[in-house]
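Heads up, protein05.cif below (mmCIF, C-alpha atoms):
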```
data_work
#
loop_
_atom_site.label_atom_id
_atom_site.label_comp_id
_atom_site.auth_asym_id
_atom_site.auth_seq_id
_atom_site.Cartn_x
_atom_site.Cartn_y
_atom_site.Cartn_z
CA MET K 1 0.00 0.00 0.00
CA THR K 2 1.41 3.38 -0.99
CA PRO K 3 1.72 6.08 1.69
CA ARG K 4 -0.90 8.17 -0.13
CA ARG K 5 -3.42 5.32 -0.17
CA LEU K 6 -2.60 4.52 3.44
CA LEU K 7 -3.34 8.14 4.38
CA ALA K 8 -6.64 8.02 2.46
CA VAL K 9 -7.69 4.80 4.22
CA ALA K 10 -6.71 6.25 7.61
CA LEU K 11 -8.71 9.43 6.91
CA ILE K 12 -11.78 7.41 5.88
CA ALA K 13 -11.46 5.28 9.02
CA VAL K 14 -11.19 8.39 11.23
CA ALA K 15 -14.21 9.94 9.47
CA ALA K 16 -16.24 6.74 9.97
CA LEU K 17 -15.30 6.65 13.65
CA ALA K 18 -16.16 10.34 14.07
CA ALA K 19 -19.53 9.73 12.37
CA LEU K 20 -20.25 6.80 14.71
CA VAL K 21 -19.28 8.87 17.77
CA ALA K 22 -21.51 11.71 16.53
CA VAL K 23 -24.44 9.29 16.02
CA GLY K 24 -23.86 7.86 19.51
CA ALA K 25 -23.71 11.33 21.06
CA SER K 26 -26.75 12.69 19.21
CA PHE K 27 -29.08 9.73 19.32
CA GLY K 28 -27.46 7.79 22.16
CA ASP K 29 -30.60 7.58 24.27
CA ARG K 30 -32.89 6.47 21.42
CA GLN K 31 -33.91 2.98 22.33
CA LEU K 32 -35.79 -0.10 21.24
CA ASP K 33 -37.58 -1.53 24.26
CA LEU K 34 -37.92 -5.30 23.85
CA SER K 35 -38.14 -5.97 27.60
CA ALA K 36 -40.89 -8.16 29.03
CA GLY K 37 -43.85 -5.84 29.65
CA HIS K 38 -42.05 -2.89 27.97
CA THR K 39 -41.07 -1.59 31.40
CA PHE K 40 -38.61 0.90 29.90
CA THR K 41 -41.39 2.66 27.96
CA LEU K 42 -43.82 5.26 29.32
CA SER K 43 -47.39 4.05 29.80
CA ALA K 44 -50.09 4.99 27.29
CA ALA K 45 -51.77 7.32 29.84
CA THR K 46 -48.54 9.29 30.40
CA ARG K 47 -47.81 9.54 26.68
CA GLN K 48 -51.36 10.76 26.05
CA PHE K 49 -51.01 13.38 28.78
CA LEU K 50 -47.66 14.56 27.42
CA ALA K 51 -49.09 14.81 23.89
CA THR K 52 -51.72 17.29 25.14
CA LEU K 53 -49.26 19.62 26.94
CA ASP K 54 -49.86 23.11 25.58
CA ARG K 55 -46.93 25.01 27.13
CA PRO K 56 -43.26 24.41 27.87
CA VAL K 57 -42.42 22.69 31.13
CA THR K 58 -38.97 22.56 32.71
CA VAL K 59 -37.98 19.53 34.76
CA GLU K 60 -34.98 20.25 36.97
CA VAL K 61 -33.23 17.18 38.32
CA PHE K 62 -31.30 17.71 41.56
CA TYR K 63 -29.36 14.51 41.92
CA ASP K 64 -25.89 13.64 43.04
CA ARG K 65 -24.64 11.06 40.49
CA ALA K 66 -23.47 8.80 43.29
CA GLN K 67 -26.89 8.73 44.97
CA PRO K 68 -28.82 5.47 44.68
CA GLY K 69 -31.69 5.80 42.21
CA ALA K 70 -30.05 8.66 40.28
CA ARG K 71 -29.80 6.63 37.10
CA GLU K 72 -33.42 5.50 37.23
CA VAL K 73 -34.74 9.06 37.74
CA THR K 74 -32.39 10.42 35.06
CA ASP K 75 -33.64 7.79 32.59
CA LEU K 76 -37.26 8.53 33.54
CA THR K 77 -36.95 12.28 32.98
CA ARG K 78 -35.21 11.68 29.65
CA ARG K 79 -38.10 9.44 28.60
CA PHE K 80 -40.49 12.30 29.37
CA ALA K 81 -38.35 14.70 27.30
CA ARG K 82 -38.27 12.24 24.40
CA ALA K 83 -42.04 11.84 24.50
CA SER K 84 -42.81 15.57 24.35
CA ARG K 85 -40.98 18.50 22.82
CA ARG K 86 -42.53 20.75 25.45
CA VAL K 87 -40.69 19.00 28.28
CA ARG K 88 -37.18 20.28 28.84
CA VAL K 89 -34.91 18.50 31.30
CA ARG K 90 -32.14 20.33 33.14
CA PHE K 91 -29.68 18.57 35.41
CA ALA K 92 -28.92 20.97 38.26
CA ASP K 93 -26.31 20.99 40.99
CA PRO K 94 -27.97 19.65 44.18
CA ASN K 95 -25.73 21.97 46.20
CA GLY K 96 -26.07 25.00 43.90
CA ALA K 97 -27.87 28.32 44.35
CA ARG K 98 -31.05 27.09 42.64
CA ALA K 99 -31.29 24.08 44.95
CA ILE K 100 -30.80 26.36 47.98
CA SER K 101 -33.46 28.81 46.76
CA LEU K 102 -35.92 25.94 46.23
CA ARG K 103 -34.84 24.38 49.54
CA VAL K 104 -34.31 20.98 47.96
CA ALA K 105 -31.55 18.47 48.54
CA SER K 106 -30.16 15.73 46.33
CA GLY K 107 -32.92 13.37 45.24
CA ALA K 108 -35.50 16.02 44.31
CA VAL K 109 -37.06 16.95 40.98
CA ALA K 110 -38.66 20.37 40.45
CA VAL K 111 -41.22 20.90 37.69
CA THR K 112 -41.96 24.46 36.53
CA ALA K 113 -44.39 25.62 33.84
CA GLY K 114 -43.63 29.11 32.55
CA SER K 115 -43.27 31.55 35.45
CA GLY K 116 -45.44 29.47 37.77
CA PRO K 117 -44.29 28.10 41.11
CA PRO K 118 -42.17 24.95 41.02
CA VAL K 119 -43.70 21.64 42.03
CA VAL K 120 -41.16 19.54 43.91
CA VAL K 121 -41.26 15.73 44.07
CA ARG K 122 -38.72 13.46 45.71
CA THR K 123 -37.43 10.23 44.10
CA PRO K 124 -40.35 10.21 41.68
CA ASP K 125 -41.67 7.28 39.70
CA GLU K 126 -43.63 7.70 36.46
CA ALA K 127 -46.94 8.43 38.21
CA ASP K 128 -45.35 10.98 40.59
CA LEU K 129 -43.65 12.86 37.78
CA THR K 130 -46.80 12.91 35.61
CA GLY K 131 -48.73 14.17 38.64
CA ALA K 132 -46.14 16.94 39.21
CA LEU K 133 -46.37 17.99 35.55
CA ALA K 134 -50.16 18.08 35.76
CA GLU K 135 -50.03 20.19 38.93
CA ALA K 136 -47.51 22.57 37.37
CA VAL K 137 -49.74 23.21 34.33
CA GLY K 138 -52.90 23.37 36.49
CA ARG K 139 -54.57 20.18 35.32
CA GLN K 140 -55.96 17.09 36.99
CA PRO K 141 -53.32 14.34 37.16
CA PRO K 142 -54.25 11.46 34.85
CA PRO K 143 -54.59 7.94 36.30
CA VAL K 144 -51.16 6.50 35.49
CA ARG K 145 -50.16 2.90 35.87
CA SER K 146 -46.57 2.23 34.83
CA ASN K 147 -45.94 -0.58 32.37
CA GLN K 148 -45.34 -3.80 34.25
CA ALA K 149 -44.31 -7.24 33.17
CA PRO K 150 -47.10 -9.82 33.47
CA SER K 151 -47.09 -12.18 36.43
CA GLN K 152 -45.21 -15.24 35.20
CA PRO K 153 -43.58 -17.12 38.07
CA LEU K 154 -41.38 -20.10 37.27
CA LEU K 155 -43.14 -23.24 38.49
CA PRO K 156 -41.54 -26.16 36.65
CA THR K 157 -42.61 -29.76 37.00
CA PRO K 158 -39.99 -32.17 38.40
CA LEU K 159 -39.14 -33.09 34.79
CA GLY K 160 -38.87 -29.38 33.85
CA ARG K 161 -36.60 -28.82 36.86
CA SER K 162 -34.18 -31.49 35.69
CA VAL K 163 -34.31 -30.13 32.11
CA LEU K 164 -33.08 -26.76 33.51
CA LEU K 165 -29.88 -28.53 34.54
CA TRP K 166 -29.49 -31.22 31.92
CA LEU K 167 -30.13 -29.35 28.67
CA PRO K 168 -27.95 -26.23 29.07
CA ALA K 169 -25.42 -27.32 31.70
CA ILE K 170 -24.69 -30.96 30.84
CA LEU K 171 -25.96 -31.93 27.38
CA ALA K 172 -24.81 -28.81 25.50
CA PRO K 173 -21.29 -28.77 27.04
CA LEU K 174 -20.93 -32.51 26.34
CA LEU K 175 -22.02 -32.14 22.73
CA ALA K 176 -19.37 -29.47 22.04
CA PRO K 177 -16.28 -31.69 22.57
CA ALA K 178 -18.08 -34.60 20.87
CA ALA K 179 -18.74 -32.48 17.78
CA GLY K 180 -15.14 -31.21 17.94
CA ALA K 181 -13.71 -34.72 18.12
CA LEU K 182 -15.87 -35.78 15.17
CA THR K 183 -14.77 -32.77 13.11
CA VAL K 184 -11.08 -33.31 13.85
CA TRP K 185 -11.38 -37.07 13.12
CA ARG K 186 -13.14 -36.39 9.78
CA ARG K 187 -10.48 -33.82 8.89
CA ARG K 188 -7.67 -36.25 9.65
CA ARG K 189 -9.37 -39.05 7.70
CA HIS K 190 -9.85 -36.69 4.74
CA ALA K 191 -6.17 -35.65 4.94
CA ALA K 192 -5.04 -39.29 5.11
CA SER K 193 -7.14 -40.28 2.09
CA THR K 194 -5.80 -37.42 -0.04
CA MET Q 1 -13.76 -8.91 -1.21
CA SER Q 2 -13.57 -12.52 -2.39
CA GLY Q 3 -9.98 -12.68 -1.08
CA LYS Q 4 -11.21 -11.67 2.36
CA ALA Q 5 -14.08 -14.17 2.19
CA THR Q 6 -11.70 -16.95 1.12
CA LEU Q 7 -9.29 -16.16 3.95
CA ALA Q 8 -12.17 -15.92 6.45
CA ARG Q 9 -13.44 -19.35 5.34
CA ARG Q 10 -9.92 -20.77 5.59
CA GLU Q 11 -9.46 -19.30 9.05
CA LEU Q 12 -12.83 -20.61 10.17
CA ARG Q 13 -11.97 -24.09 8.86
CA ALA Q 14 -8.61 -23.96 10.59
CA LEU Q 15 -10.30 -22.91 13.82
CA VAL Q 16 -13.01 -25.59 13.84
CA THR Q 17 -10.64 -28.39 12.82
CA SER Q 18 -8.34 -27.57 15.73
CA GLY Q 19 -9.40 -28.58 19.21
CA THR Q 20 -9.27 -25.08 20.69
CA PRO Q 21 -12.74 -23.70 19.86
CA TRP Q 22 -14.42 -26.94 20.94
CA ALA Q 23 -12.66 -26.84 24.30
CA VAL Q 24 -13.56 -23.14 24.55
CA ALA Q 25 -17.19 -23.99 23.68
CA ALA Q 26 -17.34 -26.78 26.27
CA ALA Q 27 -15.95 -24.51 29.02
CA PHE Q 28 -18.20 -21.61 28.00
CA LEU Q 29 -21.35 -23.73 27.89
CA LEU Q 30 -20.55 -25.63 31.09
CA ILE Q 31 -19.82 -22.54 33.23
CA SER Q 32 -22.58 -20.34 31.80
CA GLY Q 33 -25.00 -23.31 31.91
CA LEU Q 34 -24.30 -24.00 35.60
CA LEU Q 35 -24.68 -20.30 36.45
CA PHE Q 36 -27.97 -20.26 34.54
CA TRP Q 37 -29.15 -23.35 36.39
CA GLY Q 38 -28.31 -21.68 39.73
CA ASN Q 39 -30.28 -18.55 38.82
CA ALA Q 40 -33.24 -20.49 37.42
CA THR Q 41 -33.58 -22.89 40.37
CA ASP Q 42 -33.26 -20.02 42.87
CA PHE Q 43 -36.06 -18.18 41.10
CA ALA Q 44 -38.14 -21.37 40.83
CA SER Q 45 -37.82 -21.88 44.62
CA TYR Q 46 -38.76 -18.25 45.24
CA SER Q 47 -41.73 -18.56 42.87
CA ARG Q 48 -42.95 -21.66 44.71
CA GLN Q 49 -42.69 -19.91 48.08
CA SER Q 50 -44.50 -16.83 46.73
CA VAL Q 51 -47.52 -18.69 45.41
CA ALA Q 52 -49.21 -18.28 48.81
CA ASP Q 53 -48.86 -14.48 48.58
CA PRO Q 54 -50.75 -13.19 45.54
CA ALA Q 55 -49.24 -9.68 45.77
CA THR Q 56 -45.68 -11.04 45.58
CA ALA Q 57 -46.58 -13.62 42.93
CA ALA Q 58 -48.11 -10.85 40.78
CA ALA Q 59 -44.75 -9.08 40.64
CA LEU Q 60 -42.79 -12.14 39.53
CA ASN Q 61 -41.76 -12.45 35.92
CA THR Q 62 -39.46 -15.25 34.82
CA THR Q 63 -37.96 -13.36 31.87
CA GLN Q 64 -37.14 -10.29 33.96
CA ALA Q 65 -35.70 -12.36 36.80
CA VAL Q 66 -33.59 -14.92 34.92
CA ILE Q 67 -32.62 -13.52 31.51
CA PRO Q 68 -30.66 -10.38 32.65
CA PRO Q 69 -28.21 -12.29 34.91
CA THR Q 70 -27.96 -15.05 32.29
CA VAL Q 71 -26.96 -12.57 29.56
CA HIS Q 72 -24.57 -10.83 31.92
CA ASN Q 73 -22.96 -14.19 32.77
CA LEU Q 74 -22.55 -14.96 29.05
CA GLY Q 75 -20.51 -11.75 28.78
CA VAL Q 76 -18.38 -12.47 31.85
CA VAL Q 77 -17.68 -16.11 30.97
CA GLY Q 78 -17.04 -15.11 27.35
CA ALA Q 79 -14.49 -12.54 28.53
CA PHE Q 80 -12.51 -15.35 30.16
CA VAL Q 81 -12.70 -17.93 27.35
CA LEU Q 82 -12.37 -15.71 24.25
CA PRO Q 83 -8.64 -14.95 24.76
CA PHE Q 84 -7.96 -18.68 24.20
CA LEU Q 85 -9.75 -18.40 20.87
CA THR Q 86 -8.18 -15.15 19.67
CA MET Q 87 -4.63 -15.65 20.97
CA ARG Q 88 -3.53 -17.70 17.96
CA LEU Q 89 -5.16 -15.63 15.22
CA ILE Q 90 -2.09 -13.55 14.31
CA ALA Q 91 0.51 -14.40 16.97
CA GLU Q 92 0.61 -18.07 15.91
CA ASP Q 93 1.28 -17.05 12.29
CA ARG Q 94 4.05 -14.78 13.53
CA ARG Q 95 5.58 -17.48 15.75
CA SER Q 96 5.49 -20.14 13.05
CA GLY Q 97 6.74 -17.76 10.34
CA THR Q 98 3.60 -18.00 8.16
CA LEU Q 99 2.69 -14.34 8.66
CA GLU Q 100 5.06 -13.26 5.88
CA HIS Q 101 3.42 -15.78 3.55
CA LEU Q 102 -0.01 -14.46 4.57
CA GLN Q 103 1.10 -10.95 3.72
CA THR Q 104 2.13 -11.99 0.23
CA LEU Q 105 -1.49 -12.88 -0.56
CA PRO Q 106 -3.41 -10.34 -2.70
CA LEU Q 107 -4.96 -8.83 0.41
CA THR Q 108 -4.38 -5.64 2.36
CA ASP Q 109 -3.41 -5.83 6.03
CA GLY Q 110 -6.89 -4.54 6.85
CA GLY Q 111 -8.33 -7.37 4.75
CA ILE Q 112 -6.34 -9.96 6.71
CA ILE Q 113 -7.54 -8.50 10.02
CA VAL Q 114 -11.17 -8.33 8.85
CA ALA Q 115 -11.05 -11.94 7.59
CA LYS Q 116 -9.61 -13.20 10.89
CA PHE Q 117 -12.16 -11.14 12.84
CA ALA Q 118 -14.99 -12.59 10.73
CA ALA Q 119 -13.83 -16.12 11.58
CA ALA Q 120 -13.65 -15.32 15.30
CA ALA Q 121 -17.06 -13.62 15.20
CA ALA Q 122 -18.54 -16.68 13.46
CA VAL Q 123 -17.24 -18.96 16.24
CA THR Q 124 -18.61 -16.50 18.83
CA ALA Q 125 -22.01 -16.64 17.13
CA GLY Q 126 -21.84 -20.44 17.25
CA LEU Q 127 -21.16 -20.34 21.00
CA LEU Q 128 -24.16 -18.10 21.59
CA VAL Q 129 -26.44 -20.21 19.41
CA ALA Q 130 -25.49 -23.24 21.53
CA ALA Q 131 -26.18 -21.18 24.68
CA LEU Q 132 -29.77 -20.66 23.47
CA THR Q 133 -30.46 -24.00 25.18
CA GLN Q 134 -30.68 -21.89 28.36
CA PRO Q 135 -33.78 -19.82 27.49
CA LEU Q 136 -35.13 -22.89 25.69
CA ALA Q 137 -34.99 -24.91 28.92
CA LEU Q 138 -36.53 -21.96 30.77
CA ALA Q 139 -39.41 -21.77 28.28
CA LEU Q 140 -40.42 -25.29 29.26
CA GLY Q 141 -41.25 -24.02 32.78
CA ALA Q 142 -42.76 -20.57 32.09
CA PRO Q 143 -43.50 -18.17 29.21
CA VAL Q 144 -40.34 -16.35 28.09
CA ALA Q 145 -40.44 -13.02 26.19
CA ALA Q 146 -38.71 -13.78 22.88
CA GLY Q 147 -37.94 -10.10 22.19
CA HIS Q 148 -36.13 -9.76 25.51
CA VAL Q 149 -34.06 -12.89 24.79
CA LEU Q 150 -33.32 -11.61 21.27
CA ALA Q 151 -32.11 -8.24 22.62
CA GLY Q 152 -29.96 -9.96 25.25
CA TRP Q 153 -28.38 -12.41 22.84
CA ALA Q 154 -27.80 -9.70 20.20
CA GLY Q 155 -26.08 -7.64 22.88
CA ALA Q 156 -24.00 -10.61 24.00
CA PHE Q 157 -22.92 -11.19 20.39
CA ALA Q 158 -22.03 -7.52 19.94
CA ALA Q 159 -20.11 -7.35 23.23
CA LEU Q 160 -18.25 -10.64 22.70
CA SER Q 161 -17.43 -9.69 19.10
CA THR Q 162 -15.94 -6.46 20.44
CA LEU Q 163 -13.89 -8.44 22.96
CA ALA Q 164 -12.81 -10.74 20.10
CA ALA Q 165 -11.69 -7.70 18.09
CA VAL Q 166 -9.67 -6.48 21.07
CA GLY Q 167 -8.18 -9.97 21.46
CA LEU Q 168 -7.28 -9.98 17.76
CA ALA Q 169 -5.55 -6.60 18.12
CA ILE Q 170 -3.56 -7.94 21.08
CA SER Q 171 -2.69 -11.05 19.07
CA ALA Q 172 -1.42 -8.78 16.27
CA LEU Q 173 0.83 -6.95 18.73
CA ALA Q 174 2.08 -9.94 20.74
CA PRO Q 175 5.14 -12.01 19.80
CA THR Q 176 3.58 -15.37 20.79
CA PRO Q 177 0.07 -16.75 21.47
CA VAL Q 178 0.89 -17.25 25.17
CA VAL Q 179 1.79 -13.59 25.59
CA ALA Q 180 -1.36 -12.58 23.68
CA ALA Q 181 -3.57 -14.77 25.90
CA SER Q 182 -1.90 -13.51 29.10
CA VAL Q 183 -2.30 -9.84 28.20
CA ASN Q 184 -5.85 -10.32 26.95
CA LEU Q 185 -6.90 -12.31 30.03
CA THR Q 186 -5.44 -9.65 32.32
CA LEU Q 187 -7.29 -6.91 30.45
CA ASN Q 188 -10.59 -8.82 30.49
CA LEU Q 189 -10.15 -9.72 34.16
CA GLY Q 190 -9.72 -6.00 34.87
CA LEU Q 191 -12.93 -5.23 32.94
CA VAL Q 192 -14.86 -7.92 34.83
CA VAL Q 193 -13.59 -6.71 38.24
CA LEU Q 194 -14.44 -3.12 37.29
CA ASP Q 195 -17.89 -4.18 36.09
CA GLN Q 196 -18.61 -6.10 39.30
CA SER Q 197 -17.20 -3.55 41.73
CA ALA Q 198 -17.96 -0.16 40.15
CA GLY Q 199 -21.75 -0.41 40.17
CA PRO Q 200 -24.13 1.76 38.18
CA GLN Q 201 -23.54 4.88 40.30
CA ALA Q 202 -19.74 4.97 39.85
CA SER Q 203 -18.46 8.29 38.57
CA GLY Q 204 -15.17 9.66 37.23
CA LEU Q 205 -12.70 7.59 35.24
CA VAL Q 206 -13.74 4.31 36.90
CA GLY Q 207 -17.39 4.94 36.09
CA ALA Q 208 -16.61 5.96 32.51
CA VAL Q 209 -14.50 2.84 31.84
CA ALA Q 210 -16.99 0.54 33.60
CA SER Q 211 -20.04 1.86 31.76
CA GLY Q 212 -18.20 2.24 28.43
CA SER Q 213 -16.64 -1.21 28.40
CA PRO Q 214 -18.31 -4.01 26.38
CA LEU Q 215 -19.53 -5.62 29.63
CA GLY Q 216 -20.95 -2.29 30.82
CA GLN Q 217 -22.80 -1.87 27.51
CA LEU Q 218 -24.14 -5.41 27.83
CA ASN Q 219 -26.07 -4.46 31.00
CA LEU Q 220 -28.64 -2.48 29.00
CA PHE Q 221 -29.07 -5.24 26.40
CA SER Q 222 -29.57 -7.76 29.20
CA GLN Q 223 -32.57 -5.70 30.41
CA GLY Q 224 -34.11 -6.07 26.94
CA VAL Q 225 -33.27 -2.54 25.81
CA VAL Q 226 -31.26 -1.78 22.66
CA THR Q 227 -29.96 1.80 22.60
CA VAL Q 228 -28.26 3.59 19.72
CA GLY Q 229 -25.55 4.73 22.14
CA ALA Q 230 -24.65 1.18 23.20
CA VAL Q 231 -24.56 -0.08 19.60
CA ALA Q 232 -22.43 2.90 18.51
CA ALA Q 233 -20.04 2.47 21.47
CA LEU Q 234 -19.49 -1.22 20.67
CA ALA Q 235 -19.05 -0.46 16.96
CA VAL Q 236 -16.49 2.28 17.72
CA THR Q 237 -14.50 0.00 20.05
CA THR Q 238 -14.55 -2.82 17.48
CA LEU Q 239 -13.39 -0.53 14.68
CA LEU Q 240 -10.66 0.96 16.87
CA ALA Q 241 -9.41 -2.53 17.80
CA LEU Q 242 -9.43 -3.65 14.14
CA GLY Q 243 -7.59 -0.42 13.27
CA VAL Q 244 -4.90 -1.14 15.89
CA GLY Q 245 -4.51 -4.70 14.53
CA THR Q 246 -4.18 -3.41 10.97
CA ALA Q 247 -1.64 -0.77 12.02
CA ALA Q 248 0.40 -3.43 13.83
CA LEU Q 249 0.58 -5.60 10.68
CA THR Q 250 1.38 -2.61 8.45
CA LEU Q 251 4.17 -1.40 10.74
CA GLU Q 252 5.61 -4.91 10.96
CA ARG Q 253 5.62 -5.22 7.17
CA ARG Q 254 7.39 -1.84 6.81
CA PHE Q 255 10.06 -2.45 9.41
CA ARG Q 256 10.72 -6.10 8.58
#
```

Same coordinates, now as structure tokens:
Amino acid sequence: MTPRRLLAVALIAVAALAALVAVGASFGDRQLDLSAGHTFTLSAATRQFLATLDRPVTVEVFYDRAQPGAREVTDLTRRFARASRRVRVRFADPNGARAISLRVASGAVAVTAGSGPPVVVRTPDEADLTGALAEAVGRQPPPVRSNQAPSQPLLPTPLGRSVLLWLPAILAPLLAPAAGALTVWRRRRHAAST
Amino acid sequence: MSGKATLARRELRALVTSGTPWAVAAAFLLISGLLFWGNATDFASYSRQSVADPATAAALNTTQAVIPPTVHNLGVVGAFVLPFLTMRLIAEDRRSGTLEHLQTLPLTDGGIIVAKFAAAAAVTAGLLVAALTQPLALALGAPVAAGHVLAGWAGAFAALSTLAAVGLAISALAPTPVVAASVNLTLNLGLVVLDQSAGPQASGLVGAVASGSPLGQLNLFSQGVVTVGAVAALAVTTLLALGVGTAALTLERRFR
């Protein structure tokens, strides 16, 4: 490979990497929720409520990153922002001037519509946050029930219980070396015959 | 393109006709299968105890309880067995002196790396297909959400392919397969320890490495969620690793 071609390939590779990083940074939180019960998706009632918002709402998240539950609340507020253009999420310093003026500590979320008073909720779930948004815009909170996976306990029969062990943990690992031995033997026989 | 495909087929044939991938497959399936069995029987016992309490039983879901740790375990066990698969890919050619012959083929260094990566990724896919016996066995005892399993297994394939690309890059830099395996195992052990100890709330450099590593990215897939960010992060790491491997071959050719 000539140095010129090498440089061209390197430039293309860097451009492809930069494009991938840009895609990751811009659309990084776009997701496909294939979980049982779609528990990472907002419920239909919340989405319907967000679709009817008629004015901008600011959701301020006062969370220390090290605090338990910070990731869940951060993800939740981002889901709200993705579902409605009118919801703007701002991550604020839990020890900053705004937190002091609102008299909130780490773990609180403040929802403000326009110049109205902020509605503060602590460690909110989907229903709490929807309720806070409704209160901030002066509406009745909708009845929200978060998406939940259906009740499906694991109650295997005695045969099913033994299959849990035998199929993945004994049969499959035994078949692997058997198939390997067969492949190597066939290869050697083929090599000997030719 | 056909040169790369030919070399990939040849590499794959060489891999499957040696004993290494079969031993790797047996170890991978045995350890991940036993861990799966432990998780599944624990949850089955808990389910049986909870039948008397309808409120608790209503909150139990087999897919949500068993599939995430199963997918996570596939990543962790894969991190320990993959170095034995990738260690020989380039370092063995270098040790035996066949690397120079390989570089006389009508293929670029990038083509050689891509072909070897394709062979390793194909073996990785085979391992994960065999590991599908785990959700299959689970489905005999309770309904299992196929989409959740699909997301988890796709994530496991993406994360293990990324680890294979990193292993290939290390193999391209190492003088012998043993050195490649040692370095790769140490790196993967570090990633596993970081993943287990850092936790989701870790911040700073530790948090960034833990959440950005292939095992950190796998956590979201294991929950049944596929995000653009996770896919892009794995793709970037894979491309970077393949780039490092290509650069190592090119530099070696120039300074030989």

Inset, instruction - Just need the residues of chain K within 7 Å of chain Q, counting only C-alpha atoms, so spit them out as a PyMOL selection string. - result: chain K and resi 17+20-21+24-25+27-36+65-68+149-156+160+163-165+167-170+172-174+176-177+180+183-184+187

Legend entry - Protein, DNA and RNA residues within 12 Å of (-43.8, 6.2, 28.4), only C-alpha atoms, as a PyMOL selection string: chain K and resi 33+38-51+75-84+125-127+129-130+144-148

Selection to disk with C-alpha atoms, as a PDB file, keeping the file's coordinate frame:
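Result written to part-v1.pdb:
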```pdb
ATOM      1  CA  ASP K  33     -37.580  -1.530  24.260  1.00  0.00           C
ATOM      2  CA  HIS K  38     -42.050  -2.890  27.970  1.00  0.00           C
ATOM      3  CA  THR K  39     -41.070  -1.590  31.400  1.00  0.00           C
ATOM      4  CA  PHE K  40     -38.610   0.900  29.900  1.00  0.00           C
ATOM      5  CA  THR K  41     -41.390   2.660  27.960  1.00  0.00           C
ATOM      6  CA  LEU K  42     -43.820   5.260  29.320  1.00  0.00           C
ATOM      7  CA  SER K  43     -47.390   4.050  29.800  1.00  0.00           C
ATOM      8  CA  ALA K  44     -50.090   4.990  27.290  1.00  0.00           C
ATOM      9  CA  ALA K  45     -51.770   7.320  29.840  1.00  0.00           C
ATOM     10  CA  THR K  46     -48.540   9.290  30.400  1.00  0.00           C
ATOM     11  CA  ARG K  47     -47.810   9.540  26.680  1.00  0.00           C
ATOM     12  CA  GLN K  48     -51.360  10.760  26.050  1.00  0.00           C
ATOM     13  CA  PHE K  49     -51.010  13.380  28.780  1.00  0.00           C
ATOM     14  CA  LEU K  50     -47.660  14.560  27.420  1.00  0.00           C
ATOM     15  CA  ALA K  51     -49.090  14.810  23.890  1.00  0.00           C
ATOM     16  CA  ASP K  75     -33.640   7.790  32.590  1.00  0.00           C
ATOM     17  CA  LEU K  76     -37.260   8.530  33.540  1.00  0.00           C
ATOM     18  CA  THR K  77     -36.950  12.280  32.980  1.00  0.00           C
ATOM     19  CA  ARG K  78     -35.210  11.680  29.650  1.00  0.00           C
ATOM     20  CA  ARG K  79     -38.100   9.440  28.600  1.00  0.00           C
ATOM     21  CA  PHE K  80     -40.490  12.300  29.370  1.00  0.00           C
ATOM     22  CA  ALA K  81     -38.350  14.700  27.300  1.00  0.00           C
ATOM     23  CA  ARG K  82     -38.270  12.240  24.400  1.00  0.00           C
ATOM     24  CA  ALA K  83     -42.040  11.840  24.500  1.00  0.00           C
ATOM     25  CA  SER K  84     -42.810  15.570  24.350  1.00  0.00           C
ATOM     26  CA  ASP K 125     -41.670   7.280  39.700  1.00  0.00           C
ATOM     27  CA  GLU K 126     -43.630   7.700  36.460  1.00  0.00           C
ATOM     28  CA  ALA K 127     -46.940   8.430  38.210  1.00  0.00           C
ATOM     29  CA  LEU K 129     -43.650  12.860  37.780  1.00  0.00           C
ATOM     30  CA  THR K 130     -46.800  12.910  35.610  1.00  0.00           C
ATOM     31  CA  VAL K 144     -51.160   6.500  35.490  1.00  0.00           C
ATOM     32  CA  ARG K 145     -50.160   2.900  35.870  1.00  0.00           C
ATOM     33  CA  SER K 146     -46.570   2.230  34.830  1.00  0.00           C
ATOM     34  CA  ASN K 147     -45.940  -0.580  32.370  1.00  0.00           C
ATOM     35  CA  GLN K 148     -45.340  -3.800  34.250  1.00  0.00           C
TER      36      GLN K 148
END
```

Legend entry - Distance in Å - CA of Ala165 (chain Q) versus CA of Phe117 (chain Q): 6.3 Å

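When all atoms listed in the file are used to measure the gap to Ser96 (chain Q), the shortest distance among Q:Ala248, Q:Pro177, Q:Leu7, Q:Thr70 belongs to Q:Pro177.
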
For this file, the PyMOL selection byres ((chain K and resi 94) around 6) selects which residues, as a short mmCIF file (atom, residue, chain, number, x, y, z; two decimals) with C-alpha atoms, keeping the file's coordinate frame?
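Below you can see selection.cif, which holds the result:
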```cif
data_model
loop_
_atom_site.label_atom_id
_atom_site.label_comp_id
_atom_site.auth_asym_id
_atom_site.auth_seq_id
_atom_site.Cartn_x
_atom_site.Cartn_y
_atom_site.Cartn_z
CA PHE K 62 -31.30 17.71 41.56
CA TYR K 63 -29.36 14.51 41.92
CA ASP K 93 -26.31 20.99 40.99
CA ASN K 95 -25.73 21.97 46.20
CA GLY K 96 -26.07 25.00 43.90
CA ALA K 99 -31.29 24.08 44.95
CA ALA K 105 -31.55 18.47 48.54
CA SER K 106 -30.16 15.73 46.33
#
```

Inset, instruction - Please check which residues have atoms at most 10 Å from (-18.8, -5.4, 32.2) in the file's coordinates, counting all atoms listed in the file, and write them as a list of chain:residue names. - result: Q:His72, Q:Asn73, Q:Gly75, Q:Val76, Q:Ala79, Q:Ala159, Q:Asn188, Q:Leu189, Q:Gly190, Q:Leu191, Q:Val192, Q:Val193, Q:Leu194, Q:Asp195, Q:Gln196, Q:Ser197, Q:Ala198, Q:Gly199, Q:Val209, Q:Ala210, Q:Ser211, Q:Gly212, Q:Ser213, Q:Pro214, Q:Leu215, Q:Gly216, Q:Gln217, Q:Leu218, Q:Asn219
